[in-house]
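Engineer: What follows is target_37.csv; its format and atoms are CSV, C-alpha atoms and all ligand atoms.
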chain,number,residue,atom,x,y,z
I,1,SER,CA,156.4,97.7,104.4
I,2,ALA,CA,158.5,95.0,102.9
I,3,ALA,CA,157.8,92.7,105.9
I,4,GLU,CA,154.0,93.0,105.4
I,5,LYS,CA,154.6,92.0,101.8
I,6,GLY,CA,156.3,88.8,103.0
I,7,GLY,CA,159.4,89.5,100.9
I,8,TYR,CA,157.5,90.1,97.7
I,9,ASP,CA,157.7,93.4,95.8
I,10,TYR,CA,154.0,93.8,95.8
I,11,PHE,CA,151.0,92.6,97.7
I,12,MET,CA,149.6,91.2,94.5
I,13,LEU,CA,152.5,88.9,94.0
I,14,LYS,CA,152.2,87.7,97.6
I,15,GLU,CA,148.5,87.2,97.2
I,16,ILE,CA,149.0,85.2,93.9
I,17,ALA,CA,151.4,83.0,95.8
I,18,GLU,CA,149.0,82.5,98.7
I,19,GLN,CA,146.4,81.0,96.4
I,20,PRO,CA,147.0,77.3,97.1
I,21,LYS,CA,146.7,77.9,100.8
I,22,ALA,CA,143.6,80.2,100.4
I,23,VAL,CA,141.9,77.4,98.3
I,24,ALA,CA,142.8,74.7,100.8
I,25,ASP,CA,141.6,76.9,103.7
I,26,THR,CA,138.3,77.5,102.0
I,27,LEU,CA,137.7,73.8,101.6
I,28,LEU,CA,138.9,72.9,105.1
I,29,GLY,CA,136.3,71.1,107.3
I,30,ARG,CA,133.6,71.3,104.6
I,31,ILE,CA,134.2,67.9,102.9
I,32,ASP,CA,134.3,64.8,105.1
I,33,SER,CA,136.4,61.7,104.4
I,34,GLY,CA,133.4,60.0,102.8
I,35,GLY,CA,133.1,62.9,100.2
I,36,SER,CA,130.0,64.4,101.8
I,37,LEU,CA,129.7,68.2,102.2
I,38,THR,CA,128.8,69.8,105.5
I,39,LEU,CA,128.1,73.5,105.3
I,40,ASP,CA,126.9,74.0,108.9
I,41,GLU,CA,127.3,77.8,108.6
I,42,VAL,CA,124.7,77.9,105.8
I,43,ARG,CA,121.8,78.3,108.1
I,44,ILE,CA,119.2,77.9,105.4
I,45,PRO,CA,117.4,74.6,106.2
I,46,ASP,CA,117.7,71.8,103.7
I,47,SER,CA,113.9,71.7,103.5
I,48,VAL,CA,114.1,75.3,102.1
I,49,LEU,CA,116.9,74.5,99.7
I,50,ARG,CA,115.0,71.5,98.4
I,51,GLU,CA,112.1,73.8,97.4
I,52,VAL,CA,114.3,76.4,95.6
I,53,ASP,CA,113.1,76.7,92.0
I,54,LYS,CA,115.5,79.5,90.8
I,55,VAL,CA,118.9,80.8,91.7
I,56,VAL,CA,120.1,84.3,91.0
I,57,VAL,CA,123.7,85.3,91.5
I,58,VAL,CA,124.6,89.0,91.9
I,59,ALA,CA,128.0,90.5,92.2
I,60,CYS,CA,130.4,93.1,90.7
I,61,GLY,CA,133.8,93.1,89.0
I,62,THR,CA,135.9,90.0,89.6
I,63,ALA,CA,133.2,88.5,91.9
I,64,PHE,CA,130.8,88.7,88.9
I,65,HIS,CA,133.1,86.5,86.9
I,66,ALA,CA,133.0,83.9,89.7
I,67,GLY,CA,129.2,84.2,89.5
I,68,MET,CA,129.2,83.4,85.8
I,69,ILE,CA,131.0,80.2,86.5
I,70,ALA,CA,128.7,79.5,89.5
I,71,LYS,CA,125.8,79.6,87.0
I,72,LEU,CA,127.3,76.8,84.9
I,73,ALA,CA,128.1,74.7,87.9
I,74,ILE,CA,124.7,75.1,89.6
I,75,GLU,CA,122.7,74.4,86.4
I,76,HIS,CA,124.8,71.4,85.4
I,77,TRP,CA,124.9,69.7,88.8
I,78,THR,CA,121.5,70.6,90.2
I,79,ARG,CA,119.3,71.3,87.1
I,80,ILE,CA,118.0,74.4,88.9
I,81,PRO,CA,117.7,77.3,86.6
I,82,CYS,CA,120.3,79.9,87.5
I,83,GLU,CA,121.0,83.4,86.2
I,84,THR,CA,123.9,85.6,87.0
I,85,GLU,CA,123.5,89.4,86.9
I,86,LEU,CA,125.6,92.4,87.6
I,87,ALA,CA,124.5,93.7,90.9
I,88,SER,CA,124.3,97.3,89.6
I,89,GLU,CA,121.7,96.2,87.0
I,90,PHE,CA,119.7,93.8,89.0
I,91,ARG,CA,117.1,95.8,91.0
I,92,TYR,CA,116.4,98.3,88.3
I,93,ARG,CA,114.7,95.8,86.0
I,94,ASP,CA,112.1,94.7,88.5
I,95,PRO,CA,113.4,91.1,88.7
I,96,ILE,CA,111.0,88.2,89.4
I,97,LEU,CA,111.7,86.9,92.9
I,98,ASP,CA,109.8,85.1,95.6
I,99,SER,CA,110.3,82.8,98.6
I,100,ARG,CA,111.5,79.9,96.4
I,101,THR,CA,114.3,82.1,94.9
I,102,LEU,CA,117.8,81.7,96.3
I,103,VAL,CA,119.9,84.7,95.7
I,104,ILE,CA,123.7,84.3,96.0
I,105,ALA,CA,125.6,87.6,96.6
I,106,ILE,CA,129.3,87.3,96.1
I,107,SER,CA,131.6,89.9,97.5
I,108,GLN,CA,135.2,89.9,98.8
I,109,SER,CA,134.8,93.0,100.9
I,110,GLY,CA,131.2,92.6,101.9
I,111,GLU,CA,130.8,96.4,101.5
I,112,THR,CA,130.2,96.9,97.8
I,113,MET,CA,127.1,99.2,97.6
I,114,ASP,CA,125.8,97.8,94.3
I,115,THR,CA,125.8,94.3,95.7
I,116,LEU,CA,124.3,95.4,99.0
I,117,MET,CA,121.4,97.2,97.3
I,118,ALA,CA,120.7,94.1,95.2
I,119,LEU,CA,120.5,91.8,98.2
I,120,ARG,CA,118.3,94.2,100.1
I,121,HIS,CA,115.9,94.3,97.1
I,122,ALA,CA,115.9,90.5,96.9
I,123,ARG,CA,115.1,90.1,100.6
I,124,GLU,CA,112.3,92.7,100.3
I,125,GLN,CA,110.7,90.5,97.6
I,126,GLY,CA,110.9,87.5,100.0
I,127,ALA,CA,113.9,85.7,98.4
I,128,LYS,CA,116.5,84.0,100.6
I,129,VAL,CA,120.0,85.4,100.3
I,130,LEU,CA,123.2,83.5,100.8
I,131,ALA,CA,126.4,85.6,100.8
I,132,ILE,CA,129.8,84.4,99.7
I,133,CYS,CA,132.0,86.8,101.5
I,134,ASN,CA,135.7,87.1,102.6
I,135,THR,CA,135.2,89.6,105.4
I,136,ASN,CA,133.8,88.6,108.8
I,137,GLY,CA,131.0,90.9,110.1
I,138,SER,CA,130.9,93.0,106.9
I,139,THR,CA,127.6,94.6,106.0
I,140,ILE,CA,126.7,92.1,103.3
I,141,SER,CA,127.4,89.1,105.6
I,142,ARG,CA,125.3,90.7,108.4
I,143,GLU,CA,122.3,91.5,106.1
I,144,SER,CA,122.1,88.0,104.4
I,145,ASP,CA,120.1,85.0,105.6
I,146,ALA,CA,123.3,83.0,105.7
I,147,VAL,CA,127.0,83.4,104.8
I,148,LEU,CA,129.5,81.0,103.4
I,149,TYR,CA,132.9,82.6,104.2
I,150,THR,CA,135.8,82.3,101.9
I,151,HIS,CA,139.1,81.9,103.8
I,152,ALA,CA,141.4,83.9,101.5
I,153,GLY,CA,142.7,86.0,104.4
I,154,PRO,CA,143.1,89.8,104.0
I,155,GLU,CA,143.4,90.9,100.3
I,156,VAL,CA,145.3,94.2,100.0
I,157,ALA,CA,146.0,94.6,96.3
I,158,VAL,CA,143.2,96.3,94.5
I,159,ALA,CA,143.1,93.7,91.8
I,160,SER,CA,141.5,90.6,93.2
I,161,THR,CA,143.4,87.3,92.9
I,162,LYS,CA,143.2,84.9,95.8
I,163,ALA,CA,139.7,86.1,96.7
I,164,PHE,CA,138.6,85.2,93.2
I,165,LEU,CA,139.9,81.6,93.5
I,166,THR,CA,138.2,81.2,96.9
I,167,GLN,CA,135.0,82.6,95.6
I,168,LEU,CA,135.1,79.9,92.9
I,169,VAL,CA,135.7,77.2,95.5
I,170,ALA,CA,132.7,78.5,97.6
I,171,CYS,CA,130.5,78.6,94.5
I,172,TYR,CA,131.4,75.0,93.7
I,173,LEU,CA,130.7,74.0,97.3
I,174,VAL,CA,127.3,75.6,97.2
I,175,ALA,CA,126.5,74.0,93.8
I,176,LEU,CA,127.6,70.6,95.1
I,177,TYR,CA,125.8,71.0,98.3
I,178,LEU,CA,122.6,71.8,96.5
I,179,ALA,CA,123.1,68.7,94.4
I,180,GLN,CA,123.7,66.6,97.5
I,181,VAL,CA,120.6,67.9,99.3
I,182,ARG,CA,118.4,67.5,96.3
I,183,GLY,CA,119.8,64.3,94.9
I,184,SER,CA,121.5,65.1,91.7
I,185,LYS,CA,121.0,63.1,88.5
I,186,TRP,CA,124.8,63.5,88.1
I,187,GLY,CA,125.5,61.6,91.3
I,188,ASP,CA,128.7,59.9,90.1
I,189,GLU,CA,130.1,62.9,88.4
I,190,VAL,CA,129.4,65.0,91.5
I,191,ARG,CA,131.3,62.5,93.7
I,192,GLY,CA,134.2,62.6,91.3
I,193,VAL,CA,134.3,66.4,91.3
I,194,VAL,CA,134.2,66.5,95.1
I,195,ARG,CA,137.3,64.3,95.1
I,196,GLU,CA,139.1,66.4,92.6
I,197,LEU,CA,138.2,69.6,94.3
I,198,SER,CA,139.7,68.3,97.6
I,199,ALA,CA,143.1,67.9,95.8
I,200,ILE,CA,142.9,71.1,93.6
I,201,SER,CA,145.2,73.3,95.8
I,202,GLY,CA,148.2,71.1,94.8
I,203,GLU,CA,147.3,71.7,91.1
I,204,VAL,CA,147.2,75.5,91.7
I,205,GLU,CA,150.7,75.2,93.3
I,206,ARG,CA,152.0,73.3,90.3
I,207,VAL,CA,150.8,76.1,88.0
I,208,LEU,CA,152.6,78.7,90.1
I,209,GLU,CA,155.8,76.8,89.7
I,210,THR,CA,155.8,77.1,86.0
I,211,MET,CA,155.1,80.8,85.5
I,212,GLU,CA,158.5,82.1,84.4
I,213,PRO,CA,157.8,81.8,80.6
I,214,VAL,CA,154.5,83.7,81.2
I,215,ARG,CA,156.4,86.5,82.8
I,216,GLU,CA,158.9,86.6,80.0
I,217,LEU,CA,156.1,86.7,77.4
I,218,ALA,CA,154.4,89.5,79.3
I,219,ARG,CA,157.5,91.6,79.3
I,220,SER,CA,157.9,91.1,75.5
I,221,LEU,CA,154.4,92.5,75.0
I,222,ALA,CA,154.8,95.6,77.1
I,223,GLY,CA,154.7,97.8,74.0
I,224,LYS,CA,151.4,96.5,72.6
I,225,ASN,CA,148.2,98.5,72.8
I,226,THR,CA,145.6,95.7,72.7
I,227,VAL,CA,145.2,92.2,73.9
I,228,LEU,CA,142.1,90.0,73.2
I,229,PHE,CA,141.0,87.0,75.3
I,230,LEU,CA,138.8,84.2,74.0
I,231,GLY,CA,137.1,81.3,75.8
I,232,ARG,CA,134.0,79.2,75.7
I,233,HIS,CA,131.8,77.8,78.5
I,234,VAL,CA,133.8,78.3,81.8
I,235,GLY,CA,136.6,79.7,79.7
I,236,TYR,CA,134.5,82.7,78.7
I,237,PRO,CA,134.4,84.2,82.2
I,238,VAL,CA,138.0,83.4,82.6
I,239,ALA,CA,138.7,85.3,79.4
I,240,LEU,CA,136.7,88.3,80.8
I,241,GLU,CA,138.7,88.1,84.0
I,242,GLY,CA,142.0,88.0,82.1
I,243,ALA,CA,140.9,91.1,80.2
I,244,LEU,CA,139.7,92.9,83.4
I,245,LYS,CA,143.1,92.2,85.1
I,246,LEU,CA,144.9,93.7,82.1
I,247,LYS,CA,142.7,96.8,82.1
I,248,GLU,CA,143.0,97.3,85.8
I,249,LEU,CA,146.8,96.8,86.0
I,250,ALA,CA,148.4,97.5,82.7
I,251,TYR,CA,145.9,100.2,81.5
I,252,MET,CA,145.7,98.4,78.1
I,253,HIS,CA,142.8,97.9,75.8
I,254,ALA,CA,141.8,94.3,76.7
I,255,GLU,CA,138.6,92.6,75.8
I,256,GLY,CA,137.3,89.1,76.5
I,257,PHE,CA,134.9,87.4,74.0
I,258,ALA,CA,133.0,84.2,73.8
I,259,ALA,CA,135.0,82.5,71.1
I,260,GLY,CA,131.9,81.5,69.2
I,261,GLU,CA,130.9,85.2,68.9
I,262,LEU,CA,134.1,86.1,67.1
I,263,LYS,CA,132.6,85.6,63.7
I,264,HIS,CA,129.7,87.9,64.6
I,265,GLY,CA,131.9,91.0,64.9
I,266,PRO,CA,135.1,90.9,66.9
I,267,ILE,CA,137.1,89.1,64.2
I,268,ALA,CA,137.2,92.4,62.4
I,269,LEU,CA,139.7,93.5,65.1
I,270,ILE,CA,142.2,90.8,64.3
I,271,GLU,CA,145.3,92.2,62.6
I,272,ASP,CA,148.9,91.2,62.1
I,273,ASP,CA,150.7,90.3,65.3
I,274,LEU,CA,147.7,91.1,67.6
I,275,PRO,CA,148.1,89.1,70.8
I,276,VAL,CA,145.1,86.9,71.4
I,277,VAL,CA,144.9,84.7,74.5
I,278,VAL,CA,142.8,81.6,74.0
I,279,VAL,CA,141.6,79.5,77.0
I,280,VAL,CA,141.2,76.0,75.6
I,281,PRO,CA,138.6,73.7,77.2
I,282,SER,CA,139.6,70.2,78.2
I,283,PRO,CA,139.7,67.8,75.2
I,284,ARG,CA,138.1,65.2,77.5
I,285,GLY,CA,134.7,66.0,79.0
I,286,ARG,CA,132.8,68.2,76.5
I,287,SER,CA,135.2,67.6,73.6
I,288,VAL,CA,132.8,69.3,71.1
I,289,LEU,CA,133.8,72.6,72.7
I,290,HIS,CA,137.5,71.7,72.2
I,291,ASP,CA,136.9,71.1,68.5
I,292,LYS,CA,135.1,74.4,68.1
I,293,ILE,CA,137.8,76.4,69.7
I,294,MET,CA,140.4,74.7,67.5
I,295,SER,CA,138.6,76.1,64.5
I,296,ASN,CA,138.4,79.6,66.2
I,297,MET,CA,142.2,79.5,66.6
I,298,GLN,CA,142.6,78.6,63.0
I,299,GLU,CA,140.5,81.5,61.9
I,300,ILE,CA,142.4,84.1,63.9
I,301,ARG,CA,145.8,82.7,63.0
I,302,ALA,CA,144.8,82.9,59.3
I,303,ARG,CA,144.3,86.6,59.9
I,304,GLY,CA,147.7,87.1,61.5
I,305,ALA,CA,146.9,86.9,65.2
I,306,ARG,CA,149.6,85.8,67.6
I,307,THR,CA,148.0,83.1,69.7
I,308,ILE,CA,148.8,82.7,73.4
I,309,VAL,CA,147.2,79.3,74.2
I,310,ILE,CA,146.3,78.1,77.6
I,311,ALA,CA,145.7,74.3,77.4
I,312,GLU,CA,145.7,71.2,79.4
I,313,GLU,CA,148.8,69.1,79.8
I,314,GLY,CA,148.7,66.3,77.2
I,315,ASP,CA,146.5,68.3,74.8
I,316,GLU,CA,148.8,67.9,71.7
I,317,ALA,CA,146.1,69.0,69.2
I,318,VAL,CA,146.6,72.6,70.1
I,319,VAL,CA,150.4,72.6,69.4
I,320,PRO,CA,150.2,73.6,65.7
I,321,TYR,CA,147.9,76.6,66.5
I,322,ALA,CA,149.9,78.0,69.4
I,323,ASP,CA,152.5,80.7,69.0
I,324,HIS,CA,152.9,80.5,72.8
I,325,LEU,CA,151.7,77.6,74.8
I,326,ILE,CA,150.9,77.8,78.5
I,327,ARG,CA,150.2,74.4,80.1
I,328,ILE,CA,147.8,73.8,83.0
I,329,PRO,CA,147.0,70.6,84.8
I,330,ALA,CA,144.0,68.5,83.7
I,331,THR,CA,140.9,69.0,85.8
I,332,PRO,CA,137.2,68.3,85.4
I,333,THR,CA,135.8,70.8,82.9
I,334,LEU,CA,133.9,72.9,85.4
I,335,LEU,CA,136.9,73.3,87.8
I,336,GLN,CA,139.3,74.4,85.1
I,337,PRO,CA,139.0,78.2,86.0
I,338,LEU,CA,140.9,77.4,89.3
I,339,VAL,CA,144.0,76.7,87.3
I,340,SER,CA,143.4,78.7,84.0
I,341,THR,CA,143.0,82.0,85.8
I,342,VAL,CA,146.4,81.9,87.5
I,343,PRO,CA,148.6,82.5,84.4
I,344,LEU,CA,146.4,85.4,83.5
I,345,GLN,CA,146.9,87.0,86.9
I,346,VAL,CA,150.7,86.6,86.5
I,347,PHE,CA,150.6,87.9,83.0
I,348,ALA,CA,148.7,91.1,83.9
I,349,CYS,CA,150.9,91.7,87.0
I,350,GLU,CA,154.1,91.4,85.0
I,351,LEU,CA,152.9,93.5,82.1
I,352,ALA,CA,151.9,96.2,84.5
I,353,THR,CA,155.3,96.1,86.1
I,354,ALA,CA,157.0,96.2,82.7
I,355,ARG,CA,155.0,99.3,81.8
I,356,GLY,CA,156.0,101.0,85.0
I,357,ASN,CA,152.6,101.0,86.7
I,358,GLU,CA,151.8,100.8,90.3
I,359,VAL,CA,150.6,97.2,90.8
I,360,ASP,CA,148.9,97.3,94.1
I,361,GLN,CA,147.1,100.7,93.7
I,362,PRO,CA,146.1,101.2,90.1
I,363,ARG,CA,145.0,104.6,89.1
I,364,ASN,CA,141.3,105.5,89.5
I,365,LEU,CA,140.4,102.3,91.3
I,366,ALA,CA,139.3,101.5,94.8
I,367,LYS,CA,139.5,98.1,96.6
I,368,SER,CA,135.9,98.4,97.6
I,369,VAL,CA,133.4,100.7,96.1
I,370,THR,CA,130.9,101.9,98.7
I,371,VAL,CA,128.9,104.2,96.5
I,372,GLU,CA,126.3,103.2,93.9
N,401,LIG,C1,136.0,96.9,93.1
N,401,LIG,C2,137.4,96.2,93.0
N,401,LIG,C3,137.3,94.9,92.2
N,401,LIG,C4,136.2,94.0,92.8
N,401,LIG,C5,134.9,94.7,92.9
N,401,LIG,C6,133.9,93.9,93.7
N,401,LIG,O1,135.6,97.4,91.8
N,401,LIG,O2,138.3,97.1,92.4
N,401,LIG,O3,138.5,94.2,92.3
N,401,LIG,O4,136.1,92.8,92.1
N,401,LIG,O5,135.0,96.0,93.6
N,401,LIG,O6,134.3,93.9,95.1
N,401,LIG,P1,133.8,92.9,96.2
N,401,LIG,O7,134.5,93.3,97.4
N,401,LIG,O8,132.3,93.1,96.2
N,401,LIG,O9,134.1,91.5,95.8
What would the structure in this file look like if it were written as structure tokens?

Structural biologist:
Amino acid sequence: SAAEKGGYDYFMLKEIAEQPKAVADTLLGRIDSGGSLTLDEVRIPDSVLREVDKVVVVACGTAFHAGMIAKLAIEHWTRIPCETELASEFRYRDPILDSRTLVIAISQSGETMDTLMALRHAREQGAKVLAICNTNGSTISRESDAVLYTHAGPEVAVASTKAFLTQLVACYLVALYLAQVRGSKWGDEVRGVVRELSAISGEVERVLETMEPVRELARSLAGKNTVLFLGRHVGYPVALEGALKLKELAYMHAEGFAAGELKHGPIALIEDDLPVVVVVPSPRGRSVLHDKIMSNMQEIRARGARTIVIAEEGDEAVVPYADHLIRIPATPTLLQPLVSTVPLQVFACELATARGNEVDQPRNLAKSVTVE
């Protein structure tokens, strides 16, 4: 009913708007005033976490994209090797697991069969499993050694939005906690990130306040057949997530690529007026990535692409390469997905509406897939 949707036309719009609160709720009580993390619910003893020599993240769909970002955060802040794998592929390749492996299973519903089978396999091999889950008492949370709950509240729209942002928050918390327990060589950076993470929900709110031009742009592209998405580092999973949203909701051909891979094939797809969304890394931090993506933009513009550029406030260098410019607040590099994903959600939702599609219940999809 309209009341359930809180005055919004669709659950998805309501859930996009709830993201600042979902993010804040997921942080609540987990960072103390001194900047230390307390994850009491994670009942895996610190002594075990200190011995972990490999982390494997398993998940499906949108949660897999959160897992790709988790890998970058865990490896950078803790220096523990981490791989992220699609849950449906994981157990069929006889993965190497033992009691020093920490497996992180990410699932909004806690009922996804592929993810459940992956975690069962991991536990049989003696690995410890930590679930990041949004649903209390779900199968995945019951069968794991420990759970870090996301506090997104119920997510009704099939296409995941607020659950994704809270999965990212939970992944950052786990990565930062591991760094804290093990004593990270990036101590200062980690402390700075904890501070910025505590304040990030206000930045998500600021993004939501500036989305009207994104909706306008989406409507103007309703007649297109294809949209491509490019990113590097954390921007790559964000590009994949932007493309997934567009497939799910707008039924358009949408693909995400690592921008550096463009020249190895996908650049052949570029033609006149093709919309290409480019997620630009912060020019501070790892500025070499920023330079590289600038040349990627140059290459596709030279071949006629219409660039839709998502870039940090104050990044003036992108202006000459942007046919459309979407601004996001400056954040530490690894946290950028919390703000850069939001315009892509709004973009896909508005495009779907403009194409007359059912936003909350896209064709052929289920909110949670309980078969393998
Ligand atoms: C389904 C949904 C996706 C979701 C995926 C994983 O395919 O349509 O939106 O990302 O399952 O769901 P989970 O509940 O495990 O996060």

Engineer: With all atoms listed in the file as the basis for distance, which of I:Pro329, I:Val156, I:Gln298, I:Leu173 is at the shortest distance from I:Leu39?

Structural biologist: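 When distances to I:Leu39 are compared using all atoms listed in the file, the smallest one comes from I:Leu173.
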
Engineer: Given a cut-off of 7 Å, what residues near ligand LIG 401 (chain N) show up using only C-alpha atoms and all ligand atoms, put as a ChimeraX atom specification?

Structural biologist: /I:59-63,106-112,115,158-160,365-369

Engineer: Name the closest residue to I:Ser144 among the candidates I:Ile74, I:Ala239, I:Ile44, I:Leu228; distances are taken between atoms, counting all atoms listed in the file.

Structural biologist: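 Going through I:Ile74, I:Ala239, I:Ile44, I:Leu228 one by one, the smallest distance to I:Ser144 is for I:Ile44.
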
Engineer: For I:Trp77, which residue out of I:Val194, I:Val280, I:Ala24, I:Cys349 is the nearest one, using all atoms listed in the file?

Structural biologist: I:Val194

Engineer: Work out how far atom CA of I:Ala222 is from atom CA of I:Thr210, in Å to one decimal.

Structural biologist: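 For atom CA of I:Thr210 relative to atom CA of I:Ala222, the distance reads 20.6 Å.
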
Engineer: Just the number, please: distance in Å from atom CA of I:Tyr172 to atom CA of I:Glu75, one decimal.

Structural biologist: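 Between atom CA of I:Tyr172 and atom CA of I:Glu75 the gap works out to 11.4 Å.
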
Engineer: Name the residues within 9 Å of (147.5, 81.9, 87.2), counting all atoms listed in the file in the file's coordinates, and put them as a PyMOL selection string.

Structural biologist: chain I and resi 16+161+204+207-208+211+338-347

Engineer: Please determine, counting all atoms listed in the file, which residue among I:Met68, I:Arg355, I:Asp291, I:Val58 has the shortest atom-to-atom distance to I:Ser88.

Structural biologist: I:Val58

Engineer: Could you tell me how far atom CA of I:Thr333 lies from atom CA of I:Ile31, in Å and to one decimal?

Structural biologist: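 Between these atoms lies a distance of 20.3 Å.
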
Engineer: With distances taken over all atoms listed in the file, which of I:Ala175, I:Ser201, I:Pro213, I:Glu312 is nearest to I:Ala73?

Structural biologist: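 Under the stated criterion, the closest residue is I:Ala175.
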
Engineer: Env of I:Arg191: 10 Å cut, atoms = only C-alpha atoms, seq-sep filter 2 positions within chain, self excluded. Answer as a list of chain:residue names.

Structural biologist: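 Once the adjacent positions are removed, what remains is I:Gly34, I:Gly35, I:Ser36, I:Leu176, I:Gln180, I:Trp186, I:Gly187, I:Asp188, I:Glu189, I:Val193, I:Val194, I:Arg195, I:Glu196, I:Leu197.
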
Engineer: Which residue, I:Pro154, I:Gly304, I:Pro237, I:Pro320, has the smallest gap to I:Lys5 when you use only C-alpha atoms?

Structural biologist: I:Pro154

Engineer: May I have the residues within 8 Å of I:Cys171 as an NGL selection string, using all atoms listed in the file and disregarding those fewer than 2 positions away in the same chain?

Structural biologist: :I and (66-67 or 70 or 132 or 167-169 or 173-175)

Engineer: For a cut-off of 12 Å around (147.6, 70.1, 70.3), file coordinates, pick out all residues using all atoms listed in the file and list them as a PyMOL selection string.

Structural biologist: chain I and resi 280-283+290-291+293-294+297+309-327

Engineer: With C-alpha atoms retained, write the just-selected residues as a PDB file, in the frame of the given file.

Structural biologist:
ATOM      1  CA  VAL I 280     141.200  76.000  75.600  1.00  0.00           C
ATOM      2  CA  PRO I 281     138.600  73.700  77.200  1.00  0.00           C
ATOM      3  CA  SER I 282     139.600  70.200  78.200  1.00  0.00           C
ATOM      4  CA  PRO I 283     139.700  67.800  75.200  1.00  0.00           C
ATOM      5  CA  HIS I 290     137.500  71.700  72.200  1.00  0.00           C
ATOM      6  CA  ASP I 291     136.900  71.100  68.500  1.00  0.00           C
ATOM      7  CA  ILE I 293     137.800  76.400  69.700  1.00  0.00           C
ATOM      8  CA  MET I 294     140.400  74.700  67.500  1.00  0.00           C
ATOM      9  CA  MET I 297     142.200  79.500  66.600  1.00  0.00           C
ATOM     10  CA  VAL I 309     147.200  79.300  74.200  1.00  0.00           C
ATOM     11  CA  ILE I 310     146.300  78.100  77.600  1.00  0.00           C
ATOM     12  CA  ALA I 311     145.700  74.300  77.400  1.00  0.00           C
ATOM     13  CA  GLU I 312     145.700  71.200  79.400  1.00  0.00           C
ATOM     14  CA  GLU I 313     148.800  69.100  79.800  1.00  0.00           C
ATOM     15  CA  GLY I 314     148.700  66.300  77.200  1.00  0.00           C
ATOM     16  CA  ASP I 315     146.500  68.300  74.800  1.00  0.00           C
ATOM     17  CA  GLU I 316     148.800  67.900  71.700  1.00  0.00           C
ATOM     18  CA  ALA I 317     146.100  69.000  69.200  1.00  0.00           C
ATOM     19  CA  VAL I 318     146.600  72.600  70.100  1.00  0.00           C
ATOM     20  CA  VAL I 319     150.400  72.600  69.400  1.00  0.00           C
ATOM     21  CA  PRO I 320     150.200  73.600  65.700  1.00  0.00           C
ATOM     22  CA  TYR I 321     147.900  76.600  66.500  1.00  0.00           C
ATOM     23  CA  ALA I 322     149.900  78.000  69.400  1.00  0.00           C
ATOM     24  CA  ASP I 323     152.500  80.700  69.000  1.00  0.00           C
ATOM     25  CA  HIS I 324     152.900  80.500  72.800  1.00  0.00           C
ATOM     26  CA  LEU I 325     151.700  77.600  74.800  1.00  0.00           C
ATOM     27  CA  ILE I 326     150.900  77.800  78.500  1.00  0.00           C
ATOM     28  CA  ARG I 327     150.200  74.400  80.100  1.00  0.00           C
TER      29      ARG I 327
END

Engineer: Can you put N, CA and C atoms back into stretch 313-324 of chain I and show it as a CSV table (one decimal), in the frame of the given file?

Structural biologist:
chain,number,residue,atom,x,y,z
I,313,GLU,N,147.7,70.0,80.0
I,313,GLU,CA,148.8,69.1,79.8
I,313,GLU,C,148.3,67.9,79.0
I,314,GLY,N,149.1,67.5,78.0
I,314,GLY,CA,148.7,66.3,77.2
I,314,GLY,C,147.8,66.6,76.0
I,315,ASP,N,147.3,67.9,75.9
I,315,ASP,CA,146.5,68.3,74.8
I,315,ASP,C,147.4,68.7,73.6
I,316,GLU,N,147.8,67.6,72.8
I,316,GLU,CA,148.8,67.9,71.7
I,316,GLU,C,148.1,68.5,70.5
I,317,ALA,N,146.8,68.4,70.4
I,317,ALA,CA,146.1,69.0,69.2
I,317,ALA,C,146.3,70.5,69.1
I,318,VAL,N,146.5,71.2,70.2
I,318,VAL,CA,146.6,72.6,70.1
I,318,VAL,C,148.0,73.1,69.6
I,319,VAL,N,149.0,72.2,69.7
I,319,VAL,CA,150.4,72.6,69.4
I,319,VAL,C,150.5,73.4,68.1
I,320,PRO,N,150.0,72.9,67.0
I,320,PRO,CA,150.2,73.6,65.7
I,320,PRO,C,149.5,75.0,65.7
I,321,TYR,N,148.6,75.3,66.6
I,321,TYR,CA,147.9,76.6,66.5
I,321,TYR,C,148.4,77.6,67.6
I,322,ALA,N,149.4,77.2,68.3
I,322,ALA,CA,149.9,78.0,69.4
I,322,ALA,C,151.2,78.7,69.1
I,323,ASP,N,151.2,80.0,69.1
I,323,ASP,CA,152.5,80.7,69.0
I,323,ASP,C,153.2,80.7,70.3
I,324,HIS,N,152.4,80.7,71.4
I,324,HIS,CA,152.9,80.5,72.8
I,324,HIS,C,152.0,79.6,73.5
